>>> print(open('target.pdb').read())   # PDB, C-alpha atoms
MODEL        1
ATOM      1  CA  MET Z   1       0.549 -11.526  -5.044  1.00  0.00           C
ATOM      2  CA  LYS Z   2      -1.485  -9.733  -2.406  1.00  0.00           C
ATOM      3  CA  TYR Z   3      -2.447  -6.091  -2.061  1.00  0.00           C
ATOM      4  CA  PRO Z   4      -1.739  -4.142   1.146  1.00  0.00           C
ATOM      5  CA  LYS Z   5      -5.058  -3.318   2.850  1.00  0.00           C
ATOM      6  CA  GLN Z   6      -3.985  -0.034   4.444  1.00  0.00           C
ATOM      7  CA  LEU Z   7      -4.065   2.171   1.363  1.00  0.00           C
ATOM      8  CA  ILE Z   8      -2.363   5.211   2.910  1.00  0.00           C
ATOM      9  CA  LYS Z   9       0.681   3.320   4.230  1.00  0.00           C
ATOM     10  CA  PHE Z  10       3.957   3.325   2.283  1.00  0.00           C
ATOM     11  CA  PRO Z  11       3.736  -0.230   0.873  1.00  0.00           C
ATOM     12  CA  ALA Z  12       0.418   0.617  -0.813  1.00  0.00           C
ATOM     13  CA  ARG Z  13       1.693   3.994  -2.024  1.00  0.00           C
ATOM     14  CA  VAL Z  14       4.807   2.402  -3.532  1.00  0.00           C
ATOM     15  CA  LEU Z  15       2.840  -0.439  -5.126  1.00  0.00           C
ATOM     16  CA  ALA Z  16       0.372   1.997  -6.718  1.00  0.00           C
ATOM     17  CA  ARG Z  17       3.202   3.791  -8.488  1.00  0.00           C
ATOM     18  CA  LEU Z  18       4.870   0.566  -9.593  1.00  0.00           C
ATOM     19  CA  LEU Z  19       1.562  -0.757 -10.955  1.00  0.00           C
ATOM     20  CA  LYS Z  20       1.387   2.355 -13.151  1.00  0.00           C
ATOM     21  CA  GLY Z  21       4.720   1.370 -14.704  1.00  0.00           C
ATOM     22  CA  ARG Z  22       6.860   3.868 -12.812  1.00  0.00           C
ATOM     23  CA  LYS Z  23      10.481   3.315 -11.885  1.00  0.00           C
ATOM     24  CA  LEU Z  24      11.100   4.676  -8.385  1.00  0.00           C
ATOM     25  CA  THR Z  25      14.308   5.850  -6.758  1.00  0.00           C
ATOM     26  CA  HIS Z  26      14.668   7.027  -3.177  1.00  0.00           C
ATOM     27  CA  MET Z  27      14.841  10.625  -4.397  1.00  0.00           C
ATOM     28  CA  SER Z  28      11.816  10.384  -6.683  1.00  0.00           C
ATOM     29  CA  PHE Z  29       9.729   8.843  -3.907  1.00  0.00           C
ATOM     30  CA  TYR Z  30      10.990  11.451  -1.452  1.00  0.00           C
ATOM     31  CA  GLY Z  31       9.560  14.105  -3.762  1.00  0.00           C
ATOM     32  CA  GLU Z  32       6.125  12.483  -3.488  1.00  0.00           C
ATOM     33  CA  ALA Z  33       6.034  11.121   0.052  1.00  0.00           C
ATOM     34  CA  ALA Z  34       8.755  12.986   1.976  1.00  0.00           C
ATOM     35  CA  THR Z  35      10.555   9.795   3.000  1.00  0.00           C
ATOM     36  CA  TYR Z  36      13.907   8.324   2.027  1.00  0.00           C
ATOM     37  CA  ARG Z  37      12.836   4.870   3.229  1.00  0.00           C
ATOM     38  CA  LEU Z  38      11.863   3.398  -0.128  1.00  0.00           C
ATOM     39  CA  SER Z  39      13.769   0.147   0.440  1.00  0.00           C
ATOM     40  CA  ALA Z  40      11.684  -0.779   3.516  1.00  0.00           C
ATOM     41  CA  PRO Z  41       8.273  -0.814   1.764  1.00  0.00           C
ATOM     42  CA  VAL Z  42       9.859  -2.480  -1.292  1.00  0.00           C
ATOM     43  CA  GLU Z  43      11.129  -5.320   0.913  1.00  0.00           C
ATOM     44  CA  ARG Z  44       7.711  -5.660   2.577  1.00  0.00           C
ATOM     45  CA  LEU Z  45       6.038  -5.823  -0.839  1.00  0.00           C
ATOM     46  CA  ARG Z  46       8.479  -8.547  -1.884  1.00  0.00           C
ATOM     47  CA  ASN Z  47       8.460 -10.617   1.308  1.00  0.00           C
ATOM     48  CA  GLU Z  48       4.986 -10.157   2.811  1.00  0.00           C
ATOM     49  CA  TYR Z  49       2.894  -9.562  -0.294  1.00  0.00           C
ATOM     50  CA  GLY Z  50       4.773 -11.568  -2.944  1.00  0.00           C
ATOM     51  CA  TRP Z  51       5.384  -8.811  -5.512  1.00  0.00           C
ATOM     52  CA  PRO Z  52       8.456  -9.568  -7.699  1.00  0.00           C
ATOM     53  CA  ILE Z  53       9.883  -6.047  -7.627  1.00  0.00           C
ATOM     54  CA  GLN Z  54      13.078  -5.706  -9.642  1.00  0.00           C
ATOM     55  CA  LYS Z  55      15.853  -3.150  -9.363  1.00  0.00           C
ATOM     56  CA  ILE Z  56      18.399  -1.501 -11.603  1.00  0.00           C
ATOM     57  CA  GLU Z  57      21.583  -0.338  -9.896  1.00  0.00           C
ATOM     58  CA  PHE Z  58      23.299   2.930 -10.851  1.00  0.00           C
ATOM     59  CA  ARG Z  59      26.343   4.901  -9.819  1.00  0.00           C
ATOM     60  CA  GLY Z  60      26.243   8.631 -10.072  1.00  0.00           C
ATOM     61  CA  ARG Z  61      27.824  11.820  -8.916  1.00  0.00           C
ATOM     62  CA  THR Z  62      26.388  13.362  -5.752  1.00  0.00           C
ATOM     63  CA  ARG Z  63      26.052  17.046  -4.909  1.00  0.00           C
ATOM     64  CA  ASP Z  64      28.919  16.628  -2.477  1.00  0.00           C
ATOM     65  CA  PRO Z  65      31.433  19.406  -3.272  1.00  0.00           C
ATOM     66  CA  ILE Z  66      34.335  16.909  -3.261  1.00  0.00           C
ATOM     67  CA  GLY Z  67      32.839  15.090  -6.263  1.00  0.00           C
ATOM     68  CA  ARG Z  68      31.869  11.859  -4.497  1.00  0.00           C
ATOM     69  CA  ASN Z  69      29.999   9.144  -6.408  1.00  0.00           C
ATOM     70  CA  ALA Z  70      27.298   6.966  -4.838  1.00  0.00           C
ATOM     71  CA  GLY Z  71      25.279   3.899  -5.754  1.00  0.00           C
ATOM     72  CA  TYR Z  72      21.493   3.916  -5.899  1.00  0.00           C
ATOM     73  CA  CYS Z  73      18.652   1.782  -7.260  1.00  0.00           C
ATOM     74  CA  ALA Z  74      15.554   2.256  -9.331  1.00  0.00           C
ATOM     75  CA  TYR Z  75      12.767  -0.192  -8.443  1.00  0.00           C
ATOM     76  CA  TYR Z  76      10.124  -1.371 -10.909  1.00  0.00           C
ATOM     77  CA  LEU Z  77       7.646  -4.121 -11.704  1.00  0.00           C
ATOM     78  CA  PRO Z  78       8.173  -6.092 -14.918  1.00  0.00           C
ATOM     79  CA  LYS Z  79       5.560  -5.322 -17.579  1.00  0.00           C
ATOM     80  CA  SER Z  80       4.346  -8.931 -17.434  1.00  0.00           C
ATOM     81  CA  VAL Z  81       3.522  -8.532 -13.721  1.00  0.00           C
ATOM     82  CA  ILE Z  82       1.648  -5.285 -14.366  1.00  0.00           C
ATOM     83  CA  ALA Z  83      -0.294  -7.049 -17.139  1.00  0.00           C
ATOM     84  CA  GLU Z  84      -1.060  -9.956 -14.796  1.00  0.00           C
ATOM     85  CA  ALA Z  85      -2.375  -7.511 -12.157  1.00  0.00           C
ATOM     86  CA  GLY Z  86      -4.661  -6.152 -14.890  1.00  0.00           C
ATOM     87  CA  GLU Z  87      -7.844  -4.308 -14.007  1.00  0.00           C
ATOM     88  CA  GLN Z  88      -7.551  -5.160 -10.306  1.00  0.00           C
ATOM     89  CA  GLY Z  89      -4.081  -3.576 -10.149  1.00  0.00           C
ATOM     90  CA  SER Z  90      -5.226  -0.503 -12.044  1.00  0.00           C
ATOM     91  CA  GLU Z  91      -8.238  -0.029  -9.767  1.00  0.00           C
ATOM     92  CA  TYR Z  92      -6.069  -0.526  -6.670  1.00  0.00           C
ATOM     93  CA  ALA Z  93      -3.589   2.137  -7.818  1.00  0.00           C
ATOM     94  CA  SER Z  94      -6.413   4.554  -8.655  1.00  0.00           C
ATOM     95  CA  LYS Z  95      -7.943   4.092  -5.198  1.00  0.00           C
ATOM     96  CA  VAL Z  96      -4.571   4.775  -3.512  1.00  0.00           C
ATOM     97  CA  PHE Z  97      -4.093   7.962  -5.558  1.00  0.00           C
ATOM     98  CA  GLU Z  98      -7.668   9.059  -4.782  1.00  0.00           C
ATOM     99  CA  ILE Z  99      -7.082   8.643  -1.030  1.00  0.00           C
ATOM    100  CA  GLU Z 100      -3.743  10.503  -1.279  1.00  0.00           C
ATOM    101  CA  ALA Z 101      -5.466  13.424  -3.026  1.00  0.00           C
ATOM    102  CA  GLU Z 102      -8.214  13.548  -0.378  1.00  0.00           C
ATOM    103  CA  MET Z 103      -5.643  13.553   2.413  1.00  0.00           C
ATOM    104  CA  GLN Z 104      -3.571  16.266   0.697  1.00  0.00           C
ATOM    105  CA  GLU Z 105      -6.683  18.458   0.394  1.00  0.00           C
ATOM    106  CA  ARG Z 106      -7.532  17.841   4.043  1.00  0.00           C
ATOM    107  CA  GLU Z 107      -3.963  18.665   5.108  1.00  0.00           C
ATOM    108  CA  ALA Z 108      -3.961  21.874   3.051  1.00  0.00           C
ATOM    109  CA  ALA Z 109      -7.228  22.990   4.657  1.00  0.00           C
ATOM    110  CA  THR Z 110      -5.928  22.135   8.137  1.00  0.00           C
ATOM    111  CA  SER Z 111      -2.651  23.977   7.528  1.00  0.00           C
ATOM    112  CA  GLN Z 112      -4.500  27.117   6.441  1.00  0.00           C
ATOM    113  CA  SER Z 113      -6.732  27.038   9.511  1.00  0.00           C
ATOM    114  CA  HIS Z 114      -3.647  26.835  11.760  1.00  0.00           C
ATOM    115  CA  SER Z 115      -2.131  29.980  10.283  1.00  0.00           C
ATOM    116  CA  LYS Z 116      -1.453  32.667  12.878  1.00  0.00           C
ATOM    117  CA  THR Z 117      -0.188  36.212  12.742  1.00  0.00           C
ATOM    118  CA  ILE Z 118       2.680  37.336  14.932  1.00  0.00           C
ATOM    119  CA  LEU Z 119       4.589  40.576  15.250  1.00  0.00           C
ATOM    120  CA  LYS Z 120       8.280  40.559  14.508  1.00  0.00           C
ATOM    121  CA  GLY Z 121      10.672  42.674  16.540  1.00  0.00           C
ATOM    122  CA  ASN Z 122      10.335  45.467  13.986  1.00  0.00           C
ATOM    123  CA  GLY Z 123       6.534  45.557  14.502  1.00  0.00           C
ATOM    124  CA  LYS Z 124       5.656  44.044  11.121  1.00  0.00           C
ATOM    125  CA  ALA Z 125       2.993  41.330  11.035  1.00  0.00           C
ATOM    126  CA  VAL Z 126       4.044  37.931   9.694  1.00  0.00           C
ATOM    127  CA  ASP Z 127       1.854  34.872   9.112  1.00  0.00           C
ATOM    128  CA  TYR Z 128       3.208  31.523  10.212  1.00  0.00           C
ATOM    129  CA  VAL Z 129       1.850  28.005  10.408  1.00  0.00           C
ATOM    130  CA  SER Z 130       2.105  26.091  13.673  1.00  0.00           C
TER     131      SER Z 130
ENDMDL
END
>>> encode(input="target.pdb", output="structure tokens")
Amino acid sequence: MKYPKQLIKFPARVLARLLKGRKLTHMSFYGEAATYRLSAPVERLRNEYGWPIQKIEFRGRTRDPIGRNAGYCAYYLPKSVIAEAGEQGSEYASKVFEIEAEMQEREAATSQSHSKTILKGNGKAVDYVS
């Protein structure tokens, strides 16, 4: 099993969460990374990096007003694989989370500096971010 070198790319971000024992669905990962493409980095981790990621398949009701059901998966690493990764896996995950936090802080600071004030048609000032 190999570790992705680019720590801010999706394969590394997915692996970090799996190494912490998390089960990830497309929706849970969307909440953290704003992407629905969980299956793509999972397949890369399996095929390019050799991680034996498992999945559990579910069927559940969607928010569709007609009551439609849909299938989805939760991806995880077996506990034995997490144990085998040991200290190296734990340190890798911590480094990925540290870089994510730094980038989030940088993005927040950048977003605030791009804030501008405009006047609406009624003459009231409104802040917006470009």
>>> resolve_selection(input="target.pdb", expression="the PyMOL selection byres ((chain Z and resi 78) around 9)", output="count of residues only")
11
>>> closest_residue(input="target.pdb", among="Z:Lys9, Z:Ile99, Z:Arg106, Z:Leu15", to="Tyr49 (chain Z)", atoms="all atoms listed in the file")
Z:Leu15
>>> resolve_selection(input="target.pdb", expression="the PyMOL selection byres ((chain Z and resi 24-34) around 9)", output="number ranges by chain")
Z: 10, 13-14, 17-18, 22-23, 35-39, 72-76
>>> resolve_selection(input="target.pdb", expression="the PyMOL selection byres ((chain Z and resi 89) around 12)", output="ChimeraX atom specification")
/Z:1-4,12,15-21,51,77,81-88,90-96
>>> write_last_selection(input="target.pdb", atoms="C-alpha atoms", output="tab-separated table (two decimals), in the frame of the given file")
chain	number	residue	atom	x	y	z
Z	1	MET	CA	0.55	-11.53	-5.04
Z	2	LYS	CA	-1.48	-9.73	-2.41
Z	3	TYR	CA	-2.45	-6.09	-2.06
Z	4	PRO	CA	-1.74	-4.14	1.15
Z	12	ALA	CA	0.42	0.62	-0.81
Z	15	LEU	CA	2.84	-0.44	-5.13
Z	16	ALA	CA	0.37	2.00	-6.72
Z	17	ARG	CA	3.20	3.79	-8.49
Z	18	LEU	CA	4.87	0.57	-9.59
Z	19	LEU	CA	1.56	-0.76	-10.96
Z	20	LYS	CA	1.39	2.36	-13.15
Z	21	GLY	CA	4.72	1.37	-14.70
Z	51	TRP	CA	5.38	-8.81	-5.51
Z	77	LEU	CA	7.65	-4.12	-11.70
Z	81	VAL	CA	3.52	-8.53	-13.72
Z	82	ILE	CA	1.65	-5.28	-14.37
Z	83	ALA	CA	-0.29	-7.05	-17.14
Z	84	GLU	CA	-1.06	-9.96	-14.80
Z	85	ALA	CA	-2.38	-7.51	-12.16
Z	86	GLY	CA	-4.66	-6.15	-14.89
Z	87	GLU	CA	-7.84	-4.31	-14.01
Z	88	GLN	CA	-7.55	-5.16	-10.31
Z	90	SER	CA	-5.23	-0.50	-12.04
Z	91	GLU	CA	-8.24	-0.03	-9.77
Z	92	TYR	CA	-6.07	-0.53	-6.67
Z	93	ALA	CA	-3.59	2.14	-7.82
Z	94	SER	CA	-6.41	4.55	-8.65
Z	95	LYS	CA	-7.94	4.09	-5.20
Z	96	VAL	CA	-4.57	4.78	-3.51
>>> atom_distance(input="target.pdb", atom1="CA of Ala70 (chain Z)", atom2="CA of Lys55 (chain Z)")
15.9 Å
>>> atom_distance(input="target.pdb", atom1="CA of Ile8 (chain Z)", atom2="CA of Gln104 (chain Z)")
11.3 Å
>>> atom_distance(input="target.pdb", atom1="CA of Phe97 (chain Z)", atom2="CA of Leu7 (chain Z)")
9.0 Å
>>> closest_residue(input="target.pdb", among="Z:Gln6, Z:Glu107, Z:Phe58, Z:Pro11", to="Arg46 (chain Z)", atoms="only C-alpha atoms")
Z:Pro11
>>> build_atoms(input="target.pdb", residues="region 70-87 of chain Z", atoms="N, CA and C atoms", output="PDB file, in the frame of the given file")
ATOM      1  N   ALA Z  70      28.065   7.852  -5.714  1.00  0.00           N
ATOM      2  CA  ALA Z  70      27.298   6.966  -4.838  1.00  0.00           C
ATOM      3  C   ALA Z  70      26.462   6.009  -5.675  1.00  0.00           C
ATOM      4  N   GLY Z  71      26.147   4.864  -5.094  1.00  0.00           N
ATOM      5  CA  GLY Z  71      25.279   3.899  -5.754  1.00  0.00           C
ATOM      6  C   GLY Z  71      23.838   4.113  -5.325  1.00  0.00           C
ATOM      7  N   TYR Z  72      22.908   3.848  -6.219  1.00  0.00           N
ATOM      8  CA  TYR Z  72      21.493   3.916  -5.899  1.00  0.00           C
ATOM      9  C   TYR Z  72      20.729   2.975  -6.821  1.00  0.00           C
ATOM     10  N   CYS Z  73      19.480   2.717  -6.496  1.00  0.00           N
ATOM     11  CA  CYS Z  73      18.652   1.782  -7.260  1.00  0.00           C
ATOM     12  C   CYS Z  73      17.387   2.448  -7.762  1.00  0.00           C
ATOM     13  N   ALA Z  74      16.893   1.931  -8.859  1.00  0.00           N
ATOM     14  CA  ALA Z  74      15.554   2.256  -9.331  1.00  0.00           C
ATOM     15  C   ALA Z  74      14.761   0.954  -9.274  1.00  0.00           C
ATOM     16  N   TYR Z  75      13.614   0.986  -8.605  1.00  0.00           N
ATOM     17  CA  TYR Z  75      12.767  -0.192  -8.443  1.00  0.00           C
ATOM     18  C   TYR Z  75      11.622  -0.137  -9.442  1.00  0.00           C
ATOM     19  N   TYR Z  76      11.221  -1.312  -9.937  1.00  0.00           N
ATOM     20  CA  TYR Z  76      10.124  -1.371 -10.909  1.00  0.00           C
ATOM     21  C   TYR Z  76       9.486  -2.760 -10.900  1.00  0.00           C
ATOM     22  N   LEU Z  77       8.300  -2.841 -11.461  1.00  0.00           N
ATOM     23  CA  LEU Z  77       7.646  -4.121 -11.704  1.00  0.00           C
ATOM     24  C   LEU Z  77       7.790  -4.462 -13.183  1.00  0.00           C
ATOM     25  N   PRO Z  78       8.130  -5.702 -13.506  1.00  0.00           N
ATOM     26  CA  PRO Z  78       8.173  -6.092 -14.918  1.00  0.00           C
ATOM     27  C   PRO Z  78       6.800  -5.886 -15.570  1.00  0.00           C
ATOM     28  N   LYS Z  79       6.814  -5.564 -16.848  1.00  0.00           N
ATOM     29  CA  LYS Z  79       5.560  -5.322 -17.579  1.00  0.00           C
ATOM     30  C   LYS Z  79       4.630  -6.527 -17.513  1.00  0.00           C
ATOM     31  N   SER Z  80       5.185  -7.732 -17.501  1.00  0.00           N
ATOM     32  CA  SER Z  80       4.346  -8.931 -17.434  1.00  0.00           C
ATOM     33  C   SER Z  80       3.585  -9.010 -16.110  1.00  0.00           C
ATOM     34  N   VAL Z  81       4.184  -8.526 -15.032  1.00  0.00           N
ATOM     35  CA  VAL Z  81       3.522  -8.532 -13.721  1.00  0.00           C
ATOM     36  C   VAL Z  81       2.403  -7.486 -13.694  1.00  0.00           C
ATOM     37  N   ILE Z  82       2.678  -6.323 -14.284  1.00  0.00           N
ATOM     38  CA  ILE Z  82       1.648  -5.285 -14.366  1.00  0.00           C
ATOM     39  C   ILE Z  82       0.471  -5.798 -15.196  1.00  0.00           C
ATOM     40  N   ALA Z  83       0.771  -6.483 -16.299  1.00  0.00           N
ATOM     41  CA  ALA Z  83      -0.294  -7.049 -17.139  1.00  0.00           C
ATOM     42  C   ALA Z  83      -1.076  -8.108 -16.373  1.00  0.00           C
ATOM     43  N   GLU Z  84      -0.391  -8.925 -15.597  1.00  0.00           N
ATOM     44  CA  GLU Z  84      -1.060  -9.956 -14.796  1.00  0.00           C
ATOM     45  C   GLU Z  84      -1.978  -9.324 -13.740  1.00  0.00           C
ATOM     46  N   ALA Z  85      -1.549  -8.212 -13.151  1.00  0.00           N
ATOM     47  CA  ALA Z  85      -2.375  -7.511 -12.157  1.00  0.00           C
ATOM     48  C   ALA Z  85      -3.630  -6.945 -12.813  1.00  0.00           C
ATOM     49  N   GLY Z  86      -3.518  -6.561 -14.075  1.00  0.00           N
ATOM     50  CA  GLY Z  86      -4.661  -6.152 -14.890  1.00  0.00           C
ATOM     51  C   GLY Z  86      -5.543  -5.077 -14.286  1.00  0.00           C
ATOM     52  N   GLU Z  87      -6.842  -5.270 -14.461  1.00  0.00           N
ATOM     53  CA  GLU Z  87      -7.844  -4.308 -14.007  1.00  0.00           C
ATOM     54  C   GLU Z  87      -7.806  -4.142 -12.488  1.00  0.00           C
TER      55      GLU Z  87
END
